[in-house]
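Pasted below: target.txt, compact mmCIF, N, CA and C atoms.
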```txt
# COMPACT_ATOMS: atom_id res chain seq x y z
N MET A 447 -38.04 58.36 -39.86
CA MET A 447 -37.29 58.88 -38.77
C MET A 447 -35.88 59.26 -39.23
N GLY A 448 -35.28 58.46 -40.09
CA GLY A 448 -33.95 58.78 -40.59
C GLY A 448 -33.94 60.08 -41.38
N GLY A 449 -35.00 60.30 -42.15
CA GLY A 449 -35.10 61.53 -42.92
C GLY A 449 -35.22 62.75 -42.04
N ARG A 450 -35.97 62.63 -40.97
CA ARG A 450 -36.13 63.74 -40.03
C ARG A 450 -34.80 64.04 -39.33
N LEU A 451 -34.10 63.00 -38.92
CA LEU A 451 -32.79 63.17 -38.30
C LEU A 451 -31.83 63.86 -39.25
N LEU A 452 -31.84 63.42 -40.49
CA LEU A 452 -30.95 64.01 -41.49
C LEU A 452 -31.28 65.48 -41.71
N ARG A 453 -32.55 65.80 -41.84
CA ARG A 453 -32.96 67.19 -42.06
C ARG A 453 -32.51 68.08 -40.90
N SER A 454 -32.72 67.63 -39.69
CA SER A 454 -32.31 68.41 -38.52
C SER A 454 -30.80 68.56 -38.46
N ALA A 455 -30.08 67.50 -38.76
CA ALA A 455 -28.62 67.55 -38.72
C ALA A 455 -28.07 68.51 -39.78
N GLU A 456 -28.68 68.52 -40.96
CA GLU A 456 -28.23 69.44 -42.01
C GLU A 456 -28.52 70.89 -41.63
N GLU A 457 -29.70 71.14 -41.06
CA GLU A 457 -30.05 72.51 -40.67
C GLU A 457 -29.09 73.06 -39.61
N CYS A 458 -28.66 72.19 -38.70
CA CYS A 458 -27.76 72.61 -37.62
C CYS A 458 -26.29 72.40 -37.97
N GLU A 459 -26.02 71.95 -39.19
CA GLU A 459 -24.66 71.64 -39.64
C GLU A 459 -23.97 70.68 -38.67
N ASP A 460 -24.71 69.68 -38.23
CA ASP A 460 -24.21 68.68 -37.29
C ASP A 460 -23.66 67.50 -38.08
N VAL A 461 -22.39 67.59 -38.46
CA VAL A 461 -21.75 66.57 -39.29
C VAL A 461 -21.74 65.20 -38.61
N PRO A 462 -21.43 65.10 -37.31
CA PRO A 462 -21.44 63.78 -36.67
C PRO A 462 -22.80 63.09 -36.72
N ALA A 463 -23.89 63.83 -36.80
CA ALA A 463 -25.21 63.22 -36.89
C ALA A 463 -25.60 62.90 -38.34
N GLN A 464 -24.99 63.58 -39.30
CA GLN A 464 -25.34 63.36 -40.69
C GLN A 464 -24.88 61.99 -41.18
N ARG A 465 -23.71 61.54 -40.77
CA ARG A 465 -23.20 60.24 -41.22
C ARG A 465 -24.09 59.09 -40.76
N PRO A 466 -24.48 59.01 -39.48
CA PRO A 466 -25.38 57.92 -39.07
C PRO A 466 -26.74 58.00 -39.77
N ALA A 467 -27.23 59.21 -40.01
CA ALA A 467 -28.51 59.34 -40.71
C ALA A 467 -28.39 58.81 -42.14
N GLY A 468 -27.30 59.11 -42.80
CA GLY A 468 -27.07 58.57 -44.15
C GLY A 468 -26.95 57.06 -44.13
N ALA A 469 -26.29 56.54 -43.11
CA ALA A 469 -26.15 55.08 -42.99
C ALA A 469 -27.50 54.42 -42.77
N VAL A 470 -28.35 55.04 -41.96
CA VAL A 470 -29.70 54.49 -41.72
C VAL A 470 -30.49 54.47 -43.03
N LEU A 471 -30.46 55.56 -43.78
CA LEU A 471 -31.20 55.59 -45.04
C LEU A 471 -30.67 54.55 -46.02
N THR A 472 -29.36 54.39 -46.08
CA THR A 472 -28.77 53.38 -46.96
C THR A 472 -29.18 51.98 -46.55
N ALA A 473 -29.12 51.68 -45.26
CA ALA A 473 -29.48 50.35 -44.77
C ALA A 473 -30.95 50.04 -45.03
N VAL A 474 -31.82 51.00 -44.78
CA VAL A 474 -33.25 50.79 -45.02
C VAL A 474 -33.50 50.58 -46.51
N GLY A 475 -32.84 51.37 -47.35
CA GLY A 475 -33.03 51.23 -48.79
C GLY A 475 -32.54 49.90 -49.32
N VAL A 476 -31.36 49.46 -48.87
CA VAL A 476 -30.81 48.18 -49.34
C VAL A 476 -31.67 47.02 -48.86
N THR A 477 -32.06 47.05 -47.59
CA THR A 477 -32.89 45.98 -47.04
C THR A 477 -34.24 45.95 -47.75
N GLY A 478 -34.85 47.10 -47.92
CA GLY A 478 -36.14 47.17 -48.60
C GLY A 478 -36.07 46.70 -50.04
N THR A 479 -34.99 47.05 -50.72
CA THR A 479 -34.82 46.61 -52.11
C THR A 479 -34.69 45.09 -52.19
N ALA A 480 -33.98 44.51 -51.24
CA ALA A 480 -33.81 43.05 -51.24
C ALA A 480 -35.13 42.35 -50.97
N LEU A 481 -35.97 42.94 -50.13
CA LEU A 481 -37.23 42.29 -49.76
C LEU A 481 -38.37 42.63 -50.72
N MET A 482 -38.38 43.85 -51.24
CA MET A 482 -39.46 44.29 -52.13
C MET A 482 -38.85 45.09 -53.29
N PRO A 483 -38.26 44.42 -54.29
CA PRO A 483 -37.50 45.12 -55.32
C PRO A 483 -38.31 46.05 -56.23
N LYS A 484 -39.63 45.93 -56.27
CA LYS A 484 -40.42 46.79 -57.17
C LYS A 484 -40.99 48.00 -56.45
N ASN A 485 -40.50 48.28 -55.26
CA ASN A 485 -40.97 49.41 -54.49
C ASN A 485 -40.03 50.59 -54.69
N GLY A 486 -40.15 51.64 -53.91
CA GLY A 486 -39.30 52.83 -54.04
C GLY A 486 -38.02 52.78 -53.26
N PHE A 487 -37.68 51.61 -52.70
CA PHE A 487 -36.51 51.52 -51.84
C PHE A 487 -35.18 51.79 -52.55
N PRO A 488 -35.02 51.48 -53.84
CA PRO A 488 -33.73 51.81 -54.48
C PRO A 488 -33.40 53.31 -54.40
N ALA A 489 -34.41 54.15 -54.47
CA ALA A 489 -34.18 55.59 -54.37
C ALA A 489 -33.69 55.96 -52.98
N ILE A 490 -34.24 55.32 -51.96
CA ILE A 490 -33.81 55.60 -50.59
C ILE A 490 -32.34 55.23 -50.41
N ALA A 491 -31.94 54.07 -50.92
CA ALA A 491 -30.55 53.65 -50.82
C ALA A 491 -29.63 54.64 -51.53
N ALA A 492 -30.06 55.12 -52.69
CA ALA A 492 -29.25 56.09 -53.43
C ALA A 492 -29.11 57.40 -52.66
N ILE A 493 -30.19 57.87 -52.06
CA ILE A 493 -30.13 59.10 -51.28
C ILE A 493 -29.20 58.93 -50.08
N GLY A 494 -29.32 57.80 -49.39
CA GLY A 494 -28.44 57.55 -48.25
C GLY A 494 -26.98 57.52 -48.66
N GLY A 495 -26.69 56.89 -49.80
CA GLY A 495 -25.32 56.85 -50.30
C GLY A 495 -24.79 58.23 -50.63
N LEU A 496 -25.64 59.06 -51.21
CA LEU A 496 -25.22 60.43 -51.53
C LEU A 496 -24.91 61.22 -50.26
N VAL A 497 -25.74 61.01 -49.24
CA VAL A 497 -25.49 61.71 -47.97
C VAL A 497 -24.15 61.27 -47.39
N LEU A 498 -23.88 59.98 -47.43
CA LEU A 498 -22.61 59.49 -46.89
C LEU A 498 -21.42 60.04 -47.65
N ARG A 499 -21.54 60.16 -48.97
CA ARG A 499 -20.43 60.70 -49.76
C ARG A 499 -20.25 62.19 -49.55
N ARG A 500 -21.35 62.90 -49.34
CA ARG A 500 -21.32 64.35 -49.23
C ARG A 500 -20.82 64.83 -47.86
N THR A 501 -21.02 64.01 -46.84
CA THR A 501 -20.66 64.40 -45.48
C THR A 501 -19.18 64.11 -45.22
N PRO A 502 -18.43 65.12 -44.80
CA PRO A 502 -17.01 64.89 -44.52
C PRO A 502 -16.82 63.98 -43.31
N ARG A 503 -15.81 63.16 -43.39
CA ARG A 503 -15.49 62.30 -42.24
C ARG A 503 -14.78 63.14 -41.20
N GLY A 504 -15.08 62.85 -39.96
CA GLY A 504 -14.43 63.68 -38.99
C GLY A 504 -14.48 63.10 -37.67
```

Is it possible to express this structure as structure tokens?
Amino acid sequence: MGGRLLRSAEECEDVPAQRPAGAVLTAVGVTGTALMPKNGFPAIAAIGGLVLRRTPRG
């Protein structure tokens, strides 16, 4: 769901929606990594972090 929100926000250039979507992806990735470290969750956390850095604060 976070990925879908992020995709829609990027397509519409909706900056206020991009930051929460990045935060959701980061939180899911960090939580998943802590619970299941051998899964793909580290990549999700990295993607969420990149979204948060790329999106201007406003």

Interatomic distance, atom N of A:Pro462 to atom CA of A:Thr501 (Å, one decimal): 8.2 Å

Give me the residues within 12 Å of A:Ala463 as a list in words, counting only C-alpha atoms and dropping any in the same chain fewer than 2 places off.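 Using only C-alpha atoms, the neighbours found are Gly448, Gly449, Arg450, Leu451, Leu452, Arg453, Ser454, Ala455, Glu456, Glu457, Cys458, Glu459, Asp460, Val461, Arg465, Pro466, Ala467, Gly468, Ala469, Val470, Val497, Leu498, Thr501, Pro502, Arg503 and Gly504 of chain A.
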
To one decimal place in Å, what is the distance between atom CA of A:Ala491 and atom CA of A:Ala473?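 According to the coordinates, atom CA of A:Ala491 and atom CA of A:Ala473 are separated by 7.0 Å.
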
Distance in Å - atom CA of A:Ala492 versus atom CA of A:Thr479: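 Computing the Euclidean distance for atom CA of A:Ala492 and atom CA of A:Thr479 yields 11.1 Å.
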
Just asking: which residues within stretch 455-498 of chain A are helix (DSSP H, G or I) according to DSSP, as number ranges by chain? A: 455-457, 461-481, 487-498

If you count only C-alpha atoms, which residues fall within 9 Å of A:Pro488, apart from same-chain ones fewer than 4 positions away, as a list in words? Gly475, Val476, Gly478, Thr479, Pro483, Lys484, Ala492 and Ile493 of chain A

Hey, what's within 8 Å of A:Ile490 if we count only C-alpha atoms and toss same-chain stuff fewer than 5 positions away? As a CSV table (one decimal) with N, CA and C atoms, keeping the file's coordinate frame, please?
```
chain,number,residue,atom,x,y,z
A,471,LEU,N,-30.5,55.6,-43.8
A,471,LEU,CA,-31.2,55.6,-45.0
A,471,LEU,C,-30.7,54.6,-46.0
A,472,THR,N,-29.4,54.4,-46.1
A,472,THR,CA,-28.8,53.4,-47.0
A,472,THR,C,-29.2,52.0,-46.6
A,474,VAL,N,-31.8,51.0,-44.8
A,474,VAL,CA,-33.2,50.8,-45.0
A,474,VAL,C,-33.5,50.6,-46.5
A,475,GLY,N,-32.8,51.4,-47.4
A,475,GLY,CA,-33.0,51.2,-48.8
A,475,GLY,C,-32.5,49.9,-49.3
```
